[in-house]
>>> print(open('upload.cif').read())   # mmCIF, C-alpha atoms and all ligand atoms
data_query
#
loop_
_atom_site.label_atom_id
_atom_site.label_comp_id
_atom_site.auth_asym_id
_atom_site.auth_seq_id
_atom_site.Cartn_x
_atom_site.Cartn_y
_atom_site.Cartn_z
CA MET A 24 27.20 -10.16 3.57
CA LEU A 25 24.81 -13.08 3.38
CA VAL A 26 23.00 -12.17 6.58
CA THR A 27 22.15 -8.64 5.45
CA GLY A 28 19.31 -7.87 3.04
CA PRO A 29 19.89 -5.51 0.10
CA ARG A 30 19.97 -1.78 0.96
CA GLY A 31 16.53 -0.22 1.00
CA THR A 32 14.68 -3.49 1.69
CA LYS A 33 12.99 -4.46 4.93
CA ASP A 34 11.74 -7.68 6.44
CA ILE A 35 8.22 -7.63 7.77
CA LEU A 36 8.74 -9.63 10.95
CA PRO A 37 6.05 -11.76 12.63
CA GLU A 38 5.29 -9.14 15.28
CA ALA A 39 4.73 -6.50 12.58
CA SER A 40 2.78 -8.56 10.08
CA GLY A 41 -0.45 -8.16 12.10
CA ASN A 42 -0.25 -4.40 11.39
CA TRP A 43 0.00 -5.10 7.67
CA GLN A 44 -2.94 -7.48 7.77
CA TYR A 45 -4.93 -4.88 9.68
CA ILE A 46 -4.28 -2.16 7.07
CA GLU A 47 -4.94 -4.56 4.22
CA GLN A 48 -8.25 -5.54 5.78
CA VAL A 49 -9.35 -1.90 6.13
CA ILE A 50 -8.33 -1.38 2.47
CA ARG A 51 -10.30 -4.43 1.32
CA ASP A 52 -13.38 -3.33 3.28
CA ILE A 53 -13.29 0.14 1.73
CA CYS A 54 -12.75 -1.23 -1.78
CA ARG A 55 -15.74 -3.49 -1.27
CA LEU A 56 -17.85 -0.48 -0.27
CA TYR A 57 -16.79 1.38 -3.42
CA LEU A 58 -16.95 -1.71 -5.66
CA TYR A 59 -13.28 -1.71 -6.68
CA LYS A 60 -12.09 -5.22 -7.52
CA GLU A 61 -8.61 -6.58 -6.90
CA ILE A 62 -6.19 -7.08 -9.77
CA ARG A 63 -2.84 -8.82 -9.32
CA THR A 64 -0.24 -8.24 -12.00
CA PRO A 65 3.36 -9.57 -12.19
CA VAL A 66 6.13 -7.73 -10.35
CA PHE A 67 8.13 -7.41 -13.57
CA GLU A 68 7.11 -6.16 -17.00
CA HIS A 69 8.78 -5.38 -20.31
CA THR A 70 10.95 -2.29 -19.76
CA GLU A 71 9.33 -0.66 -22.78
CA LEU A 72 6.02 -0.41 -20.91
CA PHE A 73 7.47 1.89 -18.27
CA LEU A 74 9.55 3.91 -20.77
CA ARG A 75 6.40 4.64 -22.76
CA GLY A 76 3.97 4.81 -19.86
CA ILE A 77 5.84 6.78 -17.19
CA GLY A 78 7.89 8.91 -19.59
CA GLU A 79 11.56 8.75 -20.59
CA THR A 80 12.50 12.06 -18.97
CA THR A 81 11.09 11.29 -15.52
CA ASP A 82 13.36 10.63 -12.52
CA ILE A 83 11.80 7.18 -12.16
CA VAL A 84 12.79 6.09 -15.66
CA GLU A 85 16.12 7.94 -15.78
CA LYS A 86 17.45 7.02 -12.36
CA GLU A 87 15.28 4.66 -10.38
CA MET A 88 14.37 1.53 -12.33
CA TYR A 89 15.64 -1.95 -11.58
CA THR A 90 16.17 -3.10 -15.14
CA PHE A 91 17.79 -6.37 -16.17
CA THR A 92 18.22 -8.56 -19.20
CA ASP A 93 16.90 -12.09 -18.78
CA ARG A 94 18.44 -15.24 -20.22
CA GLY A 95 16.37 -14.76 -23.37
CA GLU A 96 17.93 -11.30 -23.91
CA ARG A 97 14.69 -9.48 -23.05
CA SER A 98 14.87 -6.21 -21.14
CA LEU A 99 12.64 -6.48 -18.08
CA THR A 100 12.01 -4.08 -15.20
CA LEU A 101 10.77 -4.61 -11.64
CA ARG A 102 7.65 -2.45 -11.54
CA PRO A 103 8.42 1.00 -10.07
CA GLU A 104 4.67 1.70 -9.96
CA ASN A 105 1.59 -0.17 -11.10
CA THR A 106 -0.57 2.13 -13.20
CA ALA A 107 1.18 1.31 -16.48
CA ALA A 108 1.02 -2.42 -15.66
CA VAL A 109 -2.70 -2.27 -14.84
CA VAL A 110 -3.32 -0.51 -18.17
CA ARG A 111 -1.26 -3.21 -19.93
CA SER A 112 -3.34 -5.91 -18.26
CA TYR A 113 -6.61 -4.05 -19.01
CA LEU A 114 -5.71 -4.07 -22.72
CA GLU A 115 -4.20 -7.55 -22.87
CA ASN A 116 -7.20 -9.12 -21.11
CA LYS A 117 -9.76 -6.90 -22.85
CA LEU A 118 -11.32 -5.85 -19.56
CA TYR A 119 -13.06 -3.05 -21.46
CA ALA A 120 -15.23 -5.65 -23.19
CA ASP A 121 -17.15 -6.51 -19.98
CA THR A 122 -18.04 -3.12 -18.64
CA LEU A 123 -17.80 0.56 -19.56
CA LEU A 124 -16.13 1.45 -16.27
CA ASN A 125 -13.46 -0.79 -14.74
CA LYS A 126 -12.77 -0.08 -11.07
CA LEU A 127 -9.64 -1.90 -9.94
CA PHE A 128 -7.35 -1.99 -6.91
CA TYR A 129 -4.03 -3.60 -6.03
CA ILE A 130 -1.77 -4.08 -3.06
CA GLY A 131 1.82 -5.11 -3.64
CA PRO A 132 5.53 -4.41 -3.74
CA MET A 133 7.08 -1.78 -6.03
CA PHE A 134 10.78 -1.20 -6.66
CA ARG A 135 12.68 2.05 -7.08
CA TYR A 136 16.40 2.74 -6.83
CA ASP A 137 15.72 5.63 -4.43
CA ARG A 138 18.04 6.94 -1.70
CA PRO A 139 16.82 4.95 1.31
CA GLN A 140 15.75 6.83 4.45
CA ALA A 141 12.82 6.74 6.87
CA GLY A 142 9.71 6.36 4.72
CA ARG A 143 11.66 5.78 1.51
CA TYR A 144 12.76 2.32 0.48
CA ARG A 145 13.90 0.46 -2.61
CA GLN A 146 11.24 -2.17 -2.17
CA PHE A 147 8.07 -0.61 -0.79
CA HIS A 148 4.37 -1.42 -0.94
CA GLN A 149 1.53 0.45 -2.51
CA PHE A 150 -2.20 0.22 -2.28
CA GLY A 151 -3.50 1.69 -5.51
CA VAL A 152 -6.78 2.10 -7.34
CA GLU A 153 -7.43 2.74 -11.00
CA ALA A 154 -10.76 3.60 -12.65
CA LEU A 155 -10.70 3.17 -16.41
CA GLY A 156 -13.44 4.36 -18.73
CA SER A 157 -14.98 7.58 -17.39
CA LYS A 158 -13.87 11.05 -18.40
CA GLY A 159 -16.20 12.97 -16.09
CA PRO A 160 -15.06 14.63 -12.85
CA ALA A 161 -17.43 12.58 -10.67
CA ILE A 162 -15.09 9.60 -10.82
CA ASP A 163 -12.17 11.88 -9.85
CA ALA A 164 -14.20 12.91 -6.81
CA GLU A 165 -15.02 9.29 -5.96
CA ILE A 166 -11.37 8.25 -6.18
CA ILE A 167 -10.29 11.11 -3.92
CA MET A 168 -13.12 10.29 -1.47
CA LEU A 169 -11.94 6.68 -1.34
CA ALA A 170 -8.45 7.77 -0.30
CA VAL A 171 -9.80 10.27 2.21
CA GLN A 172 -12.27 7.79 3.72
CA LEU A 173 -9.56 5.14 4.05
CA LEU A 174 -7.20 7.49 5.87
CA ARG A 175 -10.04 8.70 8.09
CA LYS A 176 -11.06 5.13 8.86
CA LEU A 177 -7.52 4.40 9.98
CA GLY A 178 -7.91 7.36 12.34
CA LEU A 179 -5.28 9.63 10.79
CA ASP A 180 -5.68 13.35 11.09
CA ASP A 181 -3.22 16.15 10.26
CA LEU A 182 -3.69 15.27 6.60
CA THR A 183 -3.74 17.82 3.78
CA LEU A 184 -5.19 17.14 0.35
CA TYR A 185 -3.43 19.19 -2.35
CA LEU A 186 -5.13 19.61 -5.67
CA ASN A 187 -4.07 20.93 -9.07
CA SER A 188 -4.84 20.47 -12.73
CA VAL A 189 -1.94 19.81 -15.10
CA GLY A 190 -3.99 20.40 -18.25
CA CYS A 191 -4.04 18.31 -21.40
CA PRO A 192 -2.01 18.03 -24.64
CA GLN A 193 -4.01 20.96 -25.95
CA CYS A 194 -3.34 23.54 -23.24
CA ARG A 195 -0.16 22.25 -21.62
CA PRO A 196 2.23 23.23 -24.47
CA ILE A 197 1.03 26.83 -24.16
CA TYR A 198 1.75 26.78 -20.43
CA ARG A 199 5.07 25.05 -20.98
CA GLU A 200 6.21 27.85 -23.25
CA LYS A 201 5.04 30.49 -20.76
CA LEU A 202 6.93 28.71 -18.00
CA GLN A 203 10.09 28.44 -20.11
CA ASP A 204 9.88 32.16 -20.86
CA PHE A 205 9.70 32.80 -17.13
CA LEU A 206 12.58 30.44 -16.32
CA ARG A 207 14.90 31.34 -19.21
CA GLU A 208 17.03 33.99 -17.52
CA LYS A 209 16.97 32.09 -14.21
CA THR A 210 18.37 28.79 -15.48
CA SER A 211 21.95 29.49 -14.35
CA HIS A 212 20.65 29.81 -10.75
CA LEU A 213 18.85 26.46 -10.83
CA CYS A 214 20.31 23.13 -9.67
CA SER A 215 21.93 20.95 -12.35
CA ASP A 216 18.88 18.62 -12.47
CA CYS A 217 16.55 21.58 -13.08
CA GLN A 218 18.90 23.03 -15.70
CA SER A 219 18.45 19.87 -17.72
CA ARG A 220 14.71 19.81 -16.93
CA PHE A 221 14.34 23.30 -18.41
CA GLU A 222 14.28 21.95 -21.97
CA ARG A 223 13.05 18.42 -21.45
CA ASN A 224 10.43 18.69 -18.70
CA PRO A 225 10.20 22.28 -17.42
CA MET A 226 7.12 21.65 -15.22
CA ARG A 227 9.24 19.39 -13.02
CA VAL A 228 11.30 22.45 -12.05
CA LEU A 229 8.27 23.61 -10.02
CA ASP A 230 8.41 20.39 -8.04
CA CYS A 231 12.12 20.60 -7.11
CA LYS A 232 12.61 20.53 -3.36
CA LYS A 233 15.95 22.42 -3.44
CA GLU A 234 15.66 25.77 -1.66
CA LYS A 235 17.35 27.76 -4.43
CA CYS A 236 15.01 26.35 -7.08
CA THR A 237 11.94 27.00 -4.92
CA GLU A 238 13.11 30.59 -4.46
CA GLU A 239 13.83 31.15 -8.14
CA THR A 240 10.44 29.82 -9.19
CA GLN A 241 8.45 32.09 -6.87
CA GLY A 242 6.10 34.06 -9.09
CA ALA A 243 6.13 31.44 -11.88
CA PRO A 244 2.94 31.41 -13.97
CA HIS A 245 0.25 28.99 -12.77
CA ILE A 246 -1.02 26.27 -15.07
CA VAL A 247 -4.60 26.73 -13.84
CA ASP A 248 -4.51 30.17 -15.52
CA CYS A 249 -3.68 28.53 -18.87
CA LEU A 250 -6.21 25.67 -18.89
CA CYS A 251 -8.39 25.19 -21.96
CA ASP A 252 -12.18 25.37 -21.49
CA GLU A 253 -12.57 21.62 -21.15
CA CYS A 254 -9.83 21.26 -18.49
CA SER A 255 -11.03 24.31 -16.65
CA THR A 256 -14.67 23.11 -16.54
CA HIS A 257 -13.51 19.68 -15.39
CA PHE A 258 -11.43 21.18 -12.59
CA ASN A 259 -14.20 23.51 -11.41
CA HIS A 260 -16.72 20.69 -11.42
CA LEU A 261 -14.38 18.47 -9.39
CA LYS A 262 -13.82 21.21 -6.83
CA SER A 263 -17.57 21.69 -6.41
CA LEU A 264 -18.12 17.94 -5.95
CA LEU A 265 -15.42 17.79 -3.28
CA THR A 266 -16.96 20.76 -1.54
CA LEU A 267 -20.37 19.04 -1.60
CA ALA A 268 -18.76 15.95 -0.05
CA GLU A 269 -17.22 18.20 2.62
CA VAL A 270 -13.67 17.26 1.70
CA ASP A 271 -11.17 20.01 2.50
CA PHE A 272 -8.51 20.65 -0.11
CA LYS A 273 -5.80 23.17 -0.83
CA LEU A 274 -5.00 24.30 -4.35
CA ASN A 275 -1.32 23.84 -5.07
CA PRO A 276 -0.19 25.24 -8.43
CA ARG A 277 3.27 23.68 -7.95
CA LEU A 278 1.89 20.14 -7.78
CA VAL A 279 2.98 18.53 -11.05
CA ARG A 280 3.69 14.90 -9.97
CA GLY A 281 6.68 12.88 -11.08
CA LEU A 282 5.11 10.77 -13.82
CA ASP A 283 4.46 12.04 -17.34
CA TYR A 284 1.12 10.35 -17.94
CA TYR A 285 -0.98 12.81 -15.94
CA THR A 286 -3.62 15.02 -17.53
CA LYS A 287 -6.12 17.33 -15.82
CA THR A 288 -6.52 16.32 -12.14
CA ALA A 289 -3.39 15.85 -10.03
CA PHE A 290 -3.52 15.39 -6.27
CA GLU A 291 -1.47 14.42 -3.27
CA ILE A 292 -2.30 13.78 0.35
CA GLN A 293 0.41 14.76 2.77
CA TYR A 294 0.94 13.89 6.40
CA ALA A 295 3.22 16.71 7.54
CA PRO A 296 4.71 14.98 10.63
CA LEU A 297 6.57 12.60 8.30
CA GLY A 298 8.79 15.49 7.15
CA ALA A 299 10.63 14.89 3.86
CA GLN A 300 8.56 11.79 3.03
CA SER A 301 5.22 13.39 3.90
CA ALA A 302 3.42 12.31 0.69
CA VAL A 303 1.31 9.35 1.74
CA CYS A 304 -0.88 9.32 -1.37
CA GLY A 305 -0.41 10.57 -4.91
CA GLY A 306 -2.57 10.29 -7.97
CA GLY A 307 -4.31 11.87 -10.87
CA ARG A 308 -5.98 11.48 -14.22
CA TYR A 309 -4.20 9.91 -17.17
CA ASP A 310 -6.45 10.26 -20.20
CA GLY A 311 -3.68 9.53 -22.73
CA LEU A 312 -2.08 6.45 -21.17
CA VAL A 313 -4.32 3.72 -22.61
CA ALA A 314 -3.80 5.06 -26.15
CA GLU A 315 -0.05 5.45 -25.45
CA CYS A 316 0.01 1.74 -24.59
CA GLY A 317 -1.70 0.83 -27.86
CA GLY A 318 -5.41 0.79 -26.91
CA GLN A 319 -8.41 2.85 -28.00
CA PRO A 320 -8.32 6.26 -26.29
CA THR A 321 -9.78 5.59 -22.83
CA PRO A 322 -9.73 7.98 -19.86
CA GLY A 323 -8.40 6.85 -16.50
CA ILE A 324 -7.74 8.09 -13.01
CA GLY A 325 -6.19 6.58 -9.91
CA PHE A 326 -3.88 6.97 -6.96
CA ALA A 327 -1.41 5.00 -4.91
CA ILE A 328 -0.79 5.10 -1.18
CA GLY A 329 2.56 4.10 0.33
CA ILE A 330 1.75 1.49 2.95
CA GLU A 331 5.06 1.90 4.85
CA ARG A 332 4.35 5.62 5.18
CA ILE A 333 0.84 4.92 6.48
CA LEU A 334 2.35 2.57 9.06
CA LEU A 335 4.82 5.27 10.14
CA ALA A 336 1.95 7.75 10.47
CA LEU A 337 -0.16 5.28 12.47
CA GLU A 338 2.81 4.57 14.75
CA LYS A 339 3.35 8.30 15.29
CA GLN A 340 -0.30 8.77 16.26
CA LYS A 341 -0.32 5.55 18.32
CA LEU A 342 -3.17 4.20 16.23
CA LEU A 343 -1.93 0.68 15.64
CA PRO A 344 -4.18 -1.96 17.18
CA VAL A 345 -2.92 -4.28 19.88
CA PHE A 346 -3.17 -7.90 18.83
CA SER A 347 -3.91 -10.70 21.25
CA ASN A 348 -1.87 -13.83 20.98
CA THR A 349 -4.06 -15.86 23.31
CA ILE A 350 -5.04 -19.47 22.75
CA ASP A 351 -7.84 -21.61 24.13
CA VAL A 352 -5.85 -24.70 25.13
CA PHE A 353 -2.26 -25.70 25.71
CA VAL A 354 -1.86 -29.48 25.49
CA ALA A 355 0.85 -30.69 27.84
CA PRO A 356 2.01 -34.33 27.57
CA MET A 357 3.92 -35.53 30.61
CA GLY A 358 6.75 -37.35 28.89
CA ILE A 359 7.46 -38.47 25.36
CA ASP A 360 5.23 -41.55 25.67
CA MET A 361 2.18 -39.31 26.00
CA GLN A 362 3.03 -37.33 22.86
CA GLY A 363 0.84 -39.43 20.55
CA ILE A 364 -2.30 -38.95 22.67
CA ALA A 365 -1.48 -35.25 23.05
CA PHE A 366 -1.01 -34.81 19.31
CA LYS A 367 -4.30 -36.56 18.54
CA LEU A 368 -6.13 -34.29 21.00
CA LEU A 369 -4.41 -31.23 19.50
CA CYS A 370 -5.52 -32.20 15.97
CA ASN A 371 -9.12 -32.82 17.10
CA LEU A 372 -9.31 -29.47 18.85
CA ARG A 373 -7.93 -27.56 15.89
CA GLU A 374 -10.21 -29.35 13.46
CA ASN A 375 -13.09 -28.11 15.58
CA GLY A 376 -11.92 -24.51 15.41
CA ILE A 377 -10.33 -24.31 18.85
CA THR A 378 -6.98 -22.50 18.97
CA ALA A 379 -4.57 -24.93 20.53
CA GLU A 380 -0.84 -25.45 20.90
CA MET A 381 1.31 -28.18 22.39
CA ASP A 382 4.90 -28.69 23.47
CA PHE A 383 7.15 -29.52 20.54
CA MET A 384 10.35 -29.07 22.52
CA GLU A 385 9.88 -32.25 24.61
CA LYS A 386 10.25 -30.37 27.89
CA GLY A 387 8.99 -31.07 31.41
CA ILE A 388 5.64 -29.97 32.84
CA LYS A 389 7.07 -26.88 34.60
CA TRP A 390 8.36 -25.44 31.34
CA GLN A 391 5.10 -26.33 29.61
CA MET A 392 3.05 -24.48 32.22
CA LYS A 393 5.24 -21.42 31.64
CA GLN A 394 4.61 -21.71 27.91
CA ALA A 395 0.87 -21.95 28.54
CA ASN A 396 1.08 -18.71 30.55
CA LYS A 397 3.04 -17.05 27.75
CA TYR A 398 0.17 -17.80 25.39
CA SER A 399 -2.37 -16.75 28.04
CA ALA A 400 -3.99 -20.14 27.48
CA LYS A 401 -7.47 -20.43 28.96
CA PHE A 402 -6.96 -24.14 29.67
CA VAL A 403 -4.09 -26.59 29.97
CA ALA A 404 -4.85 -30.21 29.10
CA ILE A 405 -2.33 -32.25 31.10
CA ILE A 406 -1.84 -35.78 29.85
CA GLY A 407 -0.23 -38.08 32.42
CA GLU A 408 0.36 -41.82 32.15
CA GLU A 409 -2.20 -42.86 34.80
CA GLU A 410 -4.95 -40.63 33.48
CA ALA A 411 -4.30 -41.64 29.89
CA ALA A 412 -4.60 -45.30 30.80
CA GLN A 413 -8.27 -44.54 31.65
CA ASP A 414 -8.77 -42.31 28.56
CA LYS A 415 -8.82 -39.27 30.84
CA ILE A 416 -6.88 -36.00 31.09
CA MET A 417 -6.50 -33.31 33.72
CA LEU A 418 -8.04 -30.08 32.47
CA LYS A 419 -6.84 -27.00 34.31
CA ASN A 420 -8.78 -23.76 34.03
CA MET A 421 -6.00 -21.17 34.12
CA LEU A 422 -8.28 -18.36 35.22
CA THR A 423 -9.83 -20.07 38.25
CA GLY A 424 -7.01 -22.57 38.90
CA VAL A 425 -9.62 -25.38 39.15
CA GLN A 426 -8.44 -28.79 37.90
CA GLU A 427 -10.85 -31.45 36.69
CA LEU A 428 -10.27 -35.02 35.64
CA ILE A 429 -12.41 -35.57 32.56
CA ASN A 430 -12.79 -38.01 29.68
CA ILE A 431 -10.57 -37.15 26.76
CA ASP A 432 -13.57 -37.00 24.40
CA GLU A 433 -15.24 -34.39 26.64
CA VAL A 434 -12.41 -31.87 26.38
CA GLN A 435 -13.71 -30.17 23.30
CA GLN A 436 -17.24 -29.77 24.66
CA LYS A 437 -15.96 -28.39 27.98
CA ILE A 438 -13.80 -25.82 26.26
CA GLU A 439 -16.47 -24.83 23.77
CA LEU A 440 -18.91 -24.23 26.62
CA ASP A 441 -16.40 -22.00 28.36
CA VAL A 442 -15.34 -20.14 25.21
CA GLU A 443 -19.01 -19.44 24.35
CA ALA A 444 -19.65 -18.18 27.88
P1 LIG A 501 3.79 8.05 -6.75
O1 LIG A 501 3.50 9.43 -6.25
O2 LIG A 501 5.09 7.84 -7.45
O3 LIG A 501 2.58 7.64 -7.67
O4 LIG A 501 3.72 7.03 -5.53
C1 LIG A 501 2.57 6.97 -4.73
C2 LIG A 501 2.96 6.82 -3.26
O5 LIG A 501 3.85 5.71 -3.09
C3 LIG A 501 3.76 7.98 -2.68
O6 LIG A 501 2.87 9.03 -2.29
C4 LIG A 501 4.41 7.35 -1.47
O7 LIG A 501 3.49 7.27 -0.39
C5 LIG A 501 4.70 5.93 -1.98
N1 LIG A 501 6.11 5.82 -2.39
C6 LIG A 501 6.67 6.20 -3.56
N2 LIG A 501 7.99 5.93 -3.58
C7 LIG A 501 8.28 5.34 -2.40
C8 LIG A 501 9.47 4.82 -1.80
N3 LIG A 501 10.63 4.80 -2.46
N4 LIG A 501 9.39 4.28 -0.56
C9 LIG A 501 8.21 4.27 0.11
N5 LIG A 501 7.06 4.75 -0.40
C10 LIG A 501 7.09 5.28 -1.63
C11 LIG A 501 2.47 6.43 -8.33
O8 LIG A 501 3.16 5.48 -8.11
C12 LIG A 501 1.31 6.39 -9.29
N6 LIG A 501 1.30 5.08 -9.94
C13 LIG A 501 0.01 6.65 -8.56
C14 LIG A 501 -1.16 6.61 -9.47
C15 LIG A 501 -2.04 5.61 -9.62
N7 LIG A 501 -1.52 7.57 -10.30
C16 LIG A 501 -2.59 7.20 -10.97
N8 LIG A 501 -2.91 5.99 -10.58
#
>>> encode(input="upload.cif", output="structure tokens")
Amino acid sequence: MLVTGPRGTKDILPEASGNWQYIEQVIRDICRLYLYKEIRTPVFEHTELFLRGIGETTDIVEKEMYTFTDRGERSLTLRPENTAAVVRSYLENKLYADTLLNKLFYIGPMFRYDRPQAGRYRQFHQFGVEALGSKGPAIDAEIIMLAVQLLRKLGLDDLTLYLNSVGCPQCRPIYREKLQDFLREKTSHLCSDCQSRFERNPMRVLDCKKEKCTEETQGAPHIVDCLCDECSTHFNHLKSLLTLAEVDFKLNPRLVRGLDYYTKTAFEIQYAPLGAQSAVCGGGRYDGLVAECGGQPTPGIGFAIGIERILLALEKQKLLPVFSNTIDVFVAPMGIDMQGIAFKLLCNLRENGITAEMDFMEKGIKWQMKQANKYSAKFVAIIGEEEAAQDKIMLKNMLTGVQELINIDEVQQKIELDVEA
């Protein structure tokens, strides 16, 4: 059907776009406070980047990518997330040459062939931040604070920050083996996805939302008990920094995240009232990703927030601002012959920063007055033939109802005086 958009996509209609601008403004203000600078990367990349970056055995790569071959026989993919692309851009543009620590943010559409439902779409929008260059836990704490402060600023409560460490290439294989030992005799009770995860990506079994799998994995060993000294010190230091900053968190040993690049810190912020799609923010450290993409080993950490989910949460808590649509002046020509004078006045007013509208439908004065009311116009500038012949217009103050015949070149001054008052 030509009049239906593809499944899982949504139009942002004019009455909703103010909400998006509002959220984006709060995001930009926070990023300014924290000195994160905006980066805009293309919406498609070479498929290889995501295969290498996100991991070939992840759900995203196995089931959710929009991959196509272009006319030059290249395999391209609409970005399912933006961390790998930011790392690609960081390397390609040698951002590391300017500063030791790059603090970047982005806002934009991502694409995943997910099963659409409330809060889950095939084209959705993320606000994400990435800090590249520091291996210490203080930057982890800053990144988490940024997410927390943003959500607080928007007024959301009922949020829970879950924290875990997923170790590093040194300690994770030991945990992986321990977990496989635990799962081995349970595999036949797991769902078919988890049965195949057992060999390829056993930690993902812990993350499965199916009741049977959750039951079977009760009592599974915790990765935090297997961390090497470096990972363990990092995690403890992060927890103490968050405590100092008075950020509440809950340790969640099952939090493994759905992307393979994570090392050490993994976190999620959930807004429980959203039910199945309660994860509003997810992130973590990815100390191996830059090297995986061909750069010098460089640590990194970041998160992404789903903007649609934030909007749902704000709607639920009735926190969306009310936008006014009011204008200063409605210019009303009485008849088509007056249109030229009306248009000139309209242009002058707008050039001087006065919000103004006029009738483009060539209707009568009654209809135009109704329009002016619809816009809650402060003034209506009525242009009739007789008045225009003397370079005058009738200016009606819509609040007091007072009408005044004034020179056309005085309109702006009159309105400015009133608007200032
Ligand atoms: P992610 O957990 O896959 O992480 O996604 C982050 C957030 O995007 C989710 O918590 C959710 O709010 C939103 N989201 C994901 N999928 C959908 C969907 N289909 N519809 C609506 N919203 C969705 C990442 O993408 C990582 N790149 C985050 C990151 C940045 N890690 C380090 N740096």
>>> closest_residue(input="upload.cif", among="A:Val171, A:Cys304, A:Leu229, A:Leu114", to="ligand LIG 501 (chain A)", atoms="only C-alpha atoms and all ligand atoms")
A:Cys304
>>> closest_residue(input="upload.cif", among="A:Phe134, A:Tyr284, A:Tyr113, A:Phe290", to="Glu315 of chain A", atoms="all atoms listed in the file")
A:Tyr284
>>> residues_around(input="upload.cif", residues="Gln140 of chain A", least_positions_apart="4", cutoff="9 Å", atoms="only C-alpha atoms", output="JSON, numbers by chain")
{"A": [31, 144, 300]}
>>> residues_near_ligand(input="upload.cif", ligand="ligand LIG 501 (chain A)", cutoff="9 Å", atoms="all atoms listed in the file", output="ChimeraX atom specification")
/A:31,77,83,103-107,133-154,280-282,284-285,289,291-293,300-309,323-333
>>> closest_residue(input="upload.cif", among="A:Thr64, A:Thr266, A:Thr32, A:Gln44", to="Met168 of chain A", atoms="only C-alpha atoms")
A:Thr266
>>> atom_distance(input="upload.cif", atom1="atom CA of Gln319 of chain A", atom2="atom CA of Val84 of chain A")
24.7 Å
>>> residues_around(input="upload.cif", residues="Arg51 of chain A", least_positions_apart="4", cutoff="12 Å", atoms="only C-alpha atoms", output="list in words")
Gln44, Tyr45, Ile46, Glu47, Arg55, Leu56, Tyr57, Leu58, Tyr59, Lys60, Glu61, Leu127, Phe128, Tyr129, Ile130, Phe150, Gly151, Val152, Leu169 and Leu173 of chain A
>>> residues_around(input="upload.cif", residues="Asp283 of chain A", least_positions_apart="6", cutoff="8 Å", atoms="all atoms listed in the file", output="CSV table (one decimal) with C-alpha atoms, in the coordinates of the input")
chain,number,residue,atom,x,y,z
A,76,GLY,CA,4.0,4.8,-19.9
A,77,ILE,CA,5.8,6.8,-17.2
A,78,GLY,CA,7.9,8.9,-19.6
A,81,THR,CA,11.1,11.3,-15.5
>>> residues_around(input="upload.cif", residues="Thr92 of chain A", least_positions_apart="3", cutoff="12 Å", atoms="only C-alpha atoms", output="list in words")
Phe67, Glu68, His69, Thr70, Tyr89, Gly95, Glu96, Arg97, Ser98, Leu99, Thr100 and Leu101 of chain A
>>> residues_around(input="upload.cif", residues="segment 235-238 of chain A", least_positions_apart="6", cutoff="10 Å", atoms="all atoms listed in the file", output="list of chain:residue names")
A:Lys209, A:Thr210, A:His212, A:Leu213, A:Cys214, A:Cys217, A:Val228, A:Leu229, A:Arg277
>>> write_last_selection(input="upload.cif", atoms="C-alpha atoms", output="mmCIF file, keeping the file's coordinate frame")
data_model
loop_
_atom_site.group_PDB
_atom_site.id
_atom_site.type_symbol
_atom_site.label_atom_id
_atom_site.label_comp_id
_atom_site.auth_asym_id
_atom_site.auth_seq_id
_atom_site.Cartn_x
_atom_site.Cartn_y
_atom_site.Cartn_z
ATOM 1 C CA LYS A 209 16.970 32.090 -14.210
ATOM 2 C CA THR A 210 18.370 28.790 -15.480
ATOM 3 C CA HIS A 212 20.650 29.810 -10.750
ATOM 4 C CA LEU A 213 18.850 26.460 -10.830
ATOM 5 C CA CYS A 214 20.310 23.130 -9.670
ATOM 6 C CA CYS A 217 16.550 21.580 -13.080
ATOM 7 C CA VAL A 228 11.300 22.450 -12.050
ATOM 8 C CA LEU A 229 8.270 23.610 -10.020
ATOM 9 C CA ARG A 277 3.270 23.680 -7.950
#
>>> atom_distance(input="upload.cif", atom1="atom CA of Leu72 of chain A", atom2="atom CA of Glu85 of chain A")
14.1 Å
>>> atom_distance(input="upload.cif", atom1="atom CA of Asn187 of chain A", atom2="atom CA of Ala336 of chain A")
24.3 Å
>>> closest_residue(input="upload.cif", among="A:Pro244, A:Pro160, A:Pro196, A:Pro356", to="Lys287 of chain A", atoms="all atoms listed in the file")
A:Pro160
>>> closest_residue(input="upload.cif", among="A:Leu177, A:Ile388, A:Val434, A:Leu184", to="Gln340 of chain A", atoms="only C-alpha atoms")
A:Leu177
>>> closest_residue(input="upload.cif", among="A:His260, A:Lys86, A:Lys397, A:Arg63", to="Asp163 of chain A", atoms="only C-alpha atoms")
A:His260
>>> residues_near_point(input="upload.cif", point="(-7.7, -31.5, 31.6)", cutoff="12 Å", atoms="only C-alpha atoms", output="NGL selection string")
:A and (352-356 or 365 or 368 or 401-407 or 410-411 or 414-421 or 424-438)
